[in-house]
Each structure stands twice: as structure tokens, then as C-alpha cells.
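The structure appears right after this line, and notes come after that.
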Amino acid sequence: MSTILECKGLTKTFGRKKVLSNIDLELETGKIIGLLGPNGSGKTTFIKLVNDLLTPTAGEIRIAGFKPGVESKKIVSYLPEKTYLNEWMKVEQIIEFFSDFYEDFHADKAYEMLQKLNLNPGDRLKTMSKGMKEKVQLCLVMARQAKLYLLDEPIGGVDPAARDYILETIINNYNKDSTIIISTHLIADIEKVLDYVIFLKDGELVLSSFVDEIRAEQGKSVDKLFKEVFKC
Amino acid sequence: MPWNFENDRPIYIQLVERIQLLIFSGTYPAGTKLPSVRDLANEAAVNPNTMQRALAKLEEDGLIITQRTSGRFVTEDEKMIKKARDKLVQEQINEFLVKIQDLGFGKEEVLAIITKMLEEMKI
């Protein structure tokens with residue numbers, strides 16, 4: 001089993017505030033991984049560091065052996081928490097844009113997903129609701145044939161029916177050579193599709209384990225364990 | 001239709017049980033080809049790796065046979081299926097009997113109640 005993502009002593013501080021603290025992590029290829037933690041635990045910061053949108057204060061990251069940068073971005077498909085697409089563009093124009101931009105982008109796959117989600121490729125983004133925009137963005141991200149998918153809260157804003165379709169899409173697009181990291185706090189919905197979970201608490205890695213190991217050892221679901229670990 | 005799972009046990013074990021049931025009940029009779037891992041995972045709405053693990057366990061138990069080029073099949077050995085089925089029944093009855101004993105029922109008493117209930121069910 002090869003390693004897709006490796007972090008050593010990864011630390012990020014904003015001024016005096018420590019957001020991630022000394023994270024050591026090694027993730028295998030071919031898994032669907034849940035990055036779990038309450039609000040403000042460092043999930044998005046972690047994902048941004050892997051995407052080279054932030055620079056570590058200390059420590060290092062390797063993605064399939066590459067430092068975050070041009071080479072790593074070729075193999076990482078990233079769904080940010082906010083949309084960055086141009087509001088005036090039509091979905092089909094954005095698809096064209098993605099086709100130019102990413103070698104591994106499959107336009108036909110994107111169109112197929114849009115159709116399943118009842119989204120019209122001729123519509124402009126600015127005429128769409130927040131949830132619809134999120135769906136468009138997810139279609140774009142999943143239409144790439146990437147080695148690592150980093151999905152920051154992909155199911156937060158969409159309706160339950162679309163949530164099922166999104167999980168189905170994730171299952172369908174998954175293959176042994178790719179890895180999917182999903183950050184979320186909606187664990188109950190997603191637990192069944194995860195192999196592995198990582199718990200972040202106040203910027204520290206408090207648990208990393210296989211879902212079925214947690215269930216076997218603790219006799220409870222990850223969702224329940226999460227509620228206990230992060231009890232307010 | 002997603003399958004339902006209990007929260008306190010590993011998902012792969014529950015998948016094993018569920019597929020066993022599909023085989024025992026004749027939904028997947030002896031010798032039938034099973035859907036692909038991906039299709040099964042999709043139907044159950046679970047991680048394909050977890051489904052893979054469940055199928056590997058069933059293969060280890062001899063209920064499923066993998067043919068390298070053509071996929072997975074339920075074993076054609078009906079005796080084997082019957083044996084596994086009997087084992088499951090015995091386990092479940094055993095579990096039940098232990099519970100009933102804990103409640104203080106004796107052998108004859110349990111037997112009498114079961115006989116009466118079976119008659120009422122007209123099986």
C-alpha cells in the first residue's frame with residue numbers, strides 16, 4: 001500500500017493563535033477518509049495547507065512524494081468551502097474552462113453528473129441557489145481523474161436527496177488508485193462510506209483509526225464516539 | 001434502497017450477515033453470479049472497501065467463490081449452504097435459550113411454550 005499523504009510535525013499558527021499543532025499523519029492510497037472535528041478544530045486549515053494555499057509554520061507535507069506546489073496540484077482535486085467560480089459564467093463555460101485547465105478533467109462525466117442532479121448547463125451561476133452552486137462545484141471536482149480528492153464540507157449545504165446522490169457519486173468514482181478526504185461534522189450521514197477517520201480537536205490529532213475498528217473496539221458508532229470526545 | 005445498520009457493531013460484519021441471509025433465503029441461490037463489489041456497495045450505500053472485506057470473509061467461509069475472470073458466485077455446494085444455514089440457526093437459538101434461562105425458565109416450560117406458539121402460528 002503506497003502513501004498518498006504524509007505530514008510530519010505539521011504546525012500552523014496565525015499570529016499567537018496555534019491552529020494546527022504538530023500533526024504526524026500517514027494516509028494510505030485507496031481509502032475514503034473522514035476529516036472530522038467541531039467548528040474551529042483546524043479542518044479547513046489542514047486542507048488549505050495540503051493545497052498550498054497556506055504555508056506551514058513548521059513541519060512538512062508530502063502528497064504522493066511531492067511538496068505542495070505545481071506537481072501536487074496536478075493530482076489533487078480540491079473542493080473549497082466557498083465557491084471561487086465566476087458568477088457571470090454559464091456552467092458549460094466553466095466546464096470548458098476546467099477542460100483547458102486540468103489535463104485529467106472529463107467534461108462528459110461532469111455533464112452526466114449535472115444531468116443527474118437536474119442542473120442545466122446553460123444556466124449562469126448567479127441565477128442559481130447556494131445549494132445548486134455547491135452541486136455544480138462538486139460535479140466539477142469529481143469529474144477530474146485525480147489521485148487525491150480533498151472535499152471541504154461537500155454535503156453541508158445540499159438537500160438530503162442530493163446528499164445521497166453525492167455519496168453515491170463518491171462511491172462510484174472511487175477506485176483503488178485514488179483517495180478521498182472529506183471534511184465534515186455531519187458524521188452520521190457519511191459514516192457508512194468512510195474507511196478511516198481522523199479526529200481533530202483544537203488543532204491536535206486526537207484519533208486516527210478505521211471505522212470498523214472503532215465500532216469493534218468501542219461498541220459504538222463513530223458518530224456517537226465523536227459526540228463523546230467533543231462533548232460541550 | 002440503502003441497507004440499515006446497527007450502530008454498535010462493525011459494518012462489514014453486518015454486511016456478511018445480510019448477504020448470508022440473501023443466500024439462505026434463496027434471493028441468491030446456489031451457483032448464481034453476484035453483482036460487482038461496486039454495485040453491491042452502491043446498493044447498500046457503503047464504502048466499497050468495506051463490501052470487499054465482507055465478501056472476502058464470505059469467501060473464506062466458503063459461501064462465495066471467486067472466478068478470476070468472471071466474477072463472484074454463490075457456491076454450488078448446497079450442502080455447504082445448508083451447513084452454514086444450520087449453524088446460523090443454532091447460534092440464534094442458542095442465544096435465545098441463554099436469555100430465557102436467565103429469566104428462570106426450565107427446559108420443559110420453554111418447550112411447552114414454543115410448541116404451543118408454533119401450533120397457534122399453524123406452521
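A note on labels: chains of the C-alpha cells are A, B, ... as shown, every chain counts residues from 1, and ligands are counted from 1 in their shown order.
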
* Non-local contacts of segment 16-18 of chain B (9 Å; only C-alpha atoms; under 3 positions in same chain excluded) as a PyMOL selection string -> chain B and resi 3+11-13+21-23+51+53-55+57-58

* Asked: Using only C-alpha atoms, which chain A residues lie at most 8 Å away from chain B, written as JSON, numbers by chain?
  -> {"A": [31, 32, 167, 168, 171, 172, 192, 193, 194, 195, 211, 212, 213, 214, 215, 216, 218, 219, 220, 221]}

Find the spatial neighbours of Lys133 of chain A, counting only C-alpha atoms, within a cut-off of 10 Å - ignore same-chain residues fewer than 2 positions away - and output them as an mmCIF file with N, CA and C atoms, in the first residue's frame.
data_model
loop_
_atom_site.group_PDB
_atom_site.id
_atom_site.type_symbol
_atom_site.label_atom_id
_atom_site.label_comp_id
_atom_site.auth_asym_id
_atom_site.auth_seq_id
_atom_site.Cartn_x
_atom_site.Cartn_y
_atom_site.Cartn_z
ATOM 1 N N LYS A 82 -15.825 27.567 0.031
ATOM 2 C CA LYS A 82 -16.560 28.646 -0.640
ATOM 3 C C LYS A 82 -16.380 28.518 -2.146
ATOM 4 N N THR A 83 -17.341 29.015 -2.904
ATOM 5 C CA THR A 83 -17.148 28.946 -4.348
ATOM 6 C C THR A 83 -16.199 30.058 -4.780
ATOM 7 N N LEU A 85 -15.821 30.329 -8.280
ATOM 8 C CA LEU A 85 -16.131 30.425 -9.710
ATOM 9 C C LEU A 85 -16.771 31.766 -10.022
ATOM 10 N N GLU A 87 -19.357 34.279 -11.102
ATOM 11 C CA GLU A 87 -20.819 34.299 -11.052
ATOM 12 C C GLU A 87 -21.466 34.492 -12.422
ATOM 13 N N VAL A 91 -22.618 27.394 -16.651
ATOM 14 C CA VAL A 91 -21.976 26.156 -16.213
ATOM 15 C C VAL A 91 -21.150 25.547 -17.348
ATOM 16 N N LEU A 119 -29.401 19.843 -13.077
ATOM 17 C CA LEU A 119 -28.854 21.180 -13.244
ATOM 18 C C LEU A 119 -28.677 21.445 -14.737
ATOM 19 N N ARG A 124 -26.587 30.421 -15.865
ATOM 20 C CA ARG A 124 -25.482 31.172 -15.267
ATOM 21 C C ARG A 124 -25.458 30.928 -13.763
ATOM 22 N N LEU A 125 -24.250 30.936 -13.212
ATOM 23 C CA LEU A 125 -24.087 30.662 -11.785
ATOM 24 C C LEU A 125 -24.890 31.633 -10.925
ATOM 25 N N LYS A 126 -24.946 32.902 -11.357
ATOM 26 C CA LYS A 126 -25.595 33.907 -10.497
ATOM 27 C C LYS A 126 -27.100 33.689 -10.380
ATOM 28 N N THR A 127 -27.662 32.889 -11.290
ATOM 29 C CA THR A 127 -29.101 32.608 -11.193
ATOM 30 C C THR A 127 -29.385 31.392 -10.302
ATOM 31 N N MET A 128 -28.352 30.798 -9.774
ATOM 32 C CA MET A 128 -28.531 29.561 -9.002
ATOM 33 C C MET A 128 -28.517 29.804 -7.503
ATOM 34 N N SER A 129 -29.175 28.893 -6.773
ATOM 35 C CA SER A 129 -29.170 28.976 -5.313
ATOM 36 C C SER A 129 -27.821 28.490 -4.781
ATOM 37 N N LYS A 130 -27.614 28.715 -3.489
ATOM 38 C CA LYS A 130 -26.353 28.320 -2.854
ATOM 39 C C LYS A 130 -26.119 26.818 -2.993
ATOM 40 N N GLY A 131 -27.178 26.044 -2.709
ATOM 41 C CA GLY A 131 -27.056 24.586 -2.798
ATOM 42 C C GLY A 131 -26.755 24.128 -4.208
ATOM 43 N N LYS A 135 -23.528 22.047 -5.709
ATOM 44 C CA LYS A 135 -23.609 20.821 -6.507
ATOM 45 C C LYS A 135 -22.763 20.954 -7.775
ATOM 46 N N VAL A 136 -22.858 22.110 -8.437
ATOM 47 C CA VAL A 136 -22.066 22.338 -9.652
ATOM 48 C C VAL A 136 -20.584 22.137 -9.342
ATOM 49 N N GLN A 137 -20.177 22.744 -8.256
ATOM 50 C CA GLN A 137 -18.771 22.691 -7.907
ATOM 51 C C GLN A 137 -18.311 21.267 -7.613
ATOM 52 N N LEU A 138 -19.182 20.521 -6.941
ATOM 53 C CA LEU A 138 -18.831 19.140 -6.652
ATOM 54 C C LEU A 138 -18.720 18.313 -7.939
ATOM 55 N N CYS A 139 -19.632 18.562 -8.885
ATOM 56 C CA CYS A 139 -19.558 17.856 -10.171
ATOM 57 C C CYS A 139 -18.213 18.126 -10.845
ATOM 58 N N GLY A 157 -24.353 21.961 2.636
ATOM 59 C CA GLY A 157 -25.401 22.868 2.191
ATOM 60 C C GLY A 157 -26.447 22.275 1.271
ATOM 61 N N VAL A 158 -26.353 20.979 0.973
ATOM 62 C CA VAL A 158 -27.283 20.432 -0.009
ATOM 63 C C VAL A 158 -28.398 19.624 0.652
#

* To do: Name the residues of chain B that fall into alpha helix (DSSP H) according to DSSP on the backbone, using the chain letters and numbers of this document, as a PyMOL selection string.
  => chain B and resi 11-24+37-44+48-60+78-102+107-121

* Figure out the distance between atom CA of Ser36 of chain B and atom CA of Gly71 of chain B, please, to one decimal in Å. => 7.4 Å

* Asked: Running DSSP on the backbone, which parts of chain A land in strand (DSSP E), as a VMD selection string?
  -> chain A and resid 3 to 14 17 to 28 32 to 36 58 to 63 76 to 79 148 to 152 179 to 184 196 to 201 204 to 210

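Every protein, DNA or RNA residue with an atom at most 9 Å from Val110 of chain B, where only C-alpha atoms count and chain neighbours fewer than 5 positions away do not, is listed here: Leu97, Ile100, Gln101, Phe105 and Thr115 of chain B.
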
Take the residues just selected and output them with all heavy atoms as a PDB file, in the first residue's frame.
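Saved to again33.pdb:
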ATOM      1  N   LEU B  97     -31.944 -19.209  23.958  1.00  0.00           N
ATOM      2  CA  LEU B  97     -32.089 -20.104  25.101  1.00  0.00           C
ATOM      3  C   LEU B  97     -31.344 -19.579  26.324  1.00  0.00           C
ATOM      4  O   LEU B  97     -31.837 -19.672  27.447  1.00  0.00           O
ATOM      5  CB  LEU B  97     -31.594 -21.504  24.734  1.00  0.00           C
ATOM      6  CG  LEU B  97     -32.529 -22.297  23.807  1.00  0.00           C
ATOM      7  CD1 LEU B  97     -31.906 -23.634  23.435  1.00  0.00           C
ATOM      8  CD2 LEU B  97     -33.897 -22.511  24.441  1.00  0.00           C
ATOM      9  N   ILE B 100     -33.436 -16.921  27.860  1.00  0.00           N
ATOM     10  CA  ILE B 100     -34.616 -17.476  28.504  1.00  0.00           C
ATOM     11  C   ILE B 100     -34.252 -18.159  29.824  1.00  0.00           C
ATOM     12  O   ILE B 100     -34.954 -18.032  30.825  1.00  0.00           O
ATOM     13  CB  ILE B 100     -35.310 -18.480  27.534  1.00  0.00           C
ATOM     14  CG1 ILE B 100     -35.933 -17.723  26.362  1.00  0.00           C
ATOM     15  CG2 ILE B 100     -36.362 -19.310  28.236  1.00  0.00           C
ATOM     16  CD1 ILE B 100     -37.011 -16.745  26.752  1.00  0.00           C
ATOM     17  N   GLN B 101     -33.096 -18.836  29.806  1.00  0.00           N
ATOM     18  CA  GLN B 101     -32.623 -19.469  31.039  1.00  0.00           C
ATOM     19  C   GLN B 101     -32.371 -18.429  32.122  1.00  0.00           C
ATOM     20  O   GLN B 101     -32.715 -18.618  33.278  1.00  0.00           O
ATOM     21  CB  GLN B 101     -31.330 -20.228  30.754  1.00  0.00           C
ATOM     22  CG  GLN B 101     -31.543 -21.730  30.685  1.00  0.00           C
ATOM     23  CD  GLN B 101     -30.265 -22.445  30.277  1.00  0.00           C
ATOM     24  OE1 GLN B 101     -29.190 -21.836  30.215  1.00  0.00           O
ATOM     25  NE2 GLN B 101     -30.397 -23.728  29.988  1.00  0.00           N
ATOM     26  N   PHE B 105     -36.595 -19.787  33.175  1.00  0.00           N
ATOM     27  CA  PHE B 105     -37.468 -20.820  32.612  1.00  0.00           C
ATOM     28  C   PHE B 105     -36.722 -22.146  32.509  1.00  0.00           C
ATOM     29  O   PHE B 105     -35.564 -22.174  32.111  1.00  0.00           O
ATOM     30  CB  PHE B 105     -37.945 -20.420  31.205  1.00  0.00           C
ATOM     31  CG  PHE B 105     -39.005 -19.343  31.226  1.00  0.00           C
ATOM     32  CD1 PHE B 105     -38.651 -18.004  31.258  1.00  0.00           C
ATOM     33  CD2 PHE B 105     -40.348 -19.691  31.216  1.00  0.00           C
ATOM     34  CE1 PHE B 105     -39.613 -17.021  31.285  1.00  0.00           C
ATOM     35  CE2 PHE B 105     -41.313 -18.698  31.238  1.00  0.00           C
ATOM     36  CZ  PHE B 105     -40.952 -17.365  31.269  1.00  0.00           C
ATOM     37  N   THR B 115     -43.913 -25.011  21.678  1.00  0.00           N
ATOM     38  CA  THR B 115     -44.822 -25.916  20.974  1.00  0.00           C
ATOM     39  C   THR B 115     -46.185 -25.257  20.806  1.00  0.00           C
ATOM     40  O   THR B 115     -46.771 -25.258  19.714  1.00  0.00           O
ATOM     41  CB  THR B 115     -44.982 -27.239  21.764  1.00  0.00           C
ATOM     42  OG1 THR B 115     -43.698 -27.682  22.138  1.00  0.00           O
ATOM     43  CG2 THR B 115     -45.673 -28.289  20.920  1.00  0.00           C
TER      44      THR B 115
END

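Every protein or nucleic acid residue with an atom no more than 12 Å from Met113 of chain A, counting only C-alpha atoms and leaving out same-chain residues fewer than 3 positions away, appears here: His106, Ala107, Asp108, Lys109, Ala110, Lys116, Leu117, Asn118, Leu119, Asn120, Pro121, Lys135, Val136, Gln137, Leu138, Cys139, Leu140, Val141, Met142, Ala143, Ala162, Tyr165, Ile166, Glu168, Thr169, Ile170, Asn172 and Asn173 of chain A.
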
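Using only C-alpha atoms for every distance, the candidate list A:Asp202, A:Glu217, A:Asp177, A:Asp223 yields A:Asp202 as the residue closest to Thr45 of chain A.
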
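Between Phe73 of chain B and the residues B:Thr32, B:Gln52, B:Thr27, B:Gln14, the shortest atom-to-atom distance, using only C-alpha atoms, involves B:Thr32.
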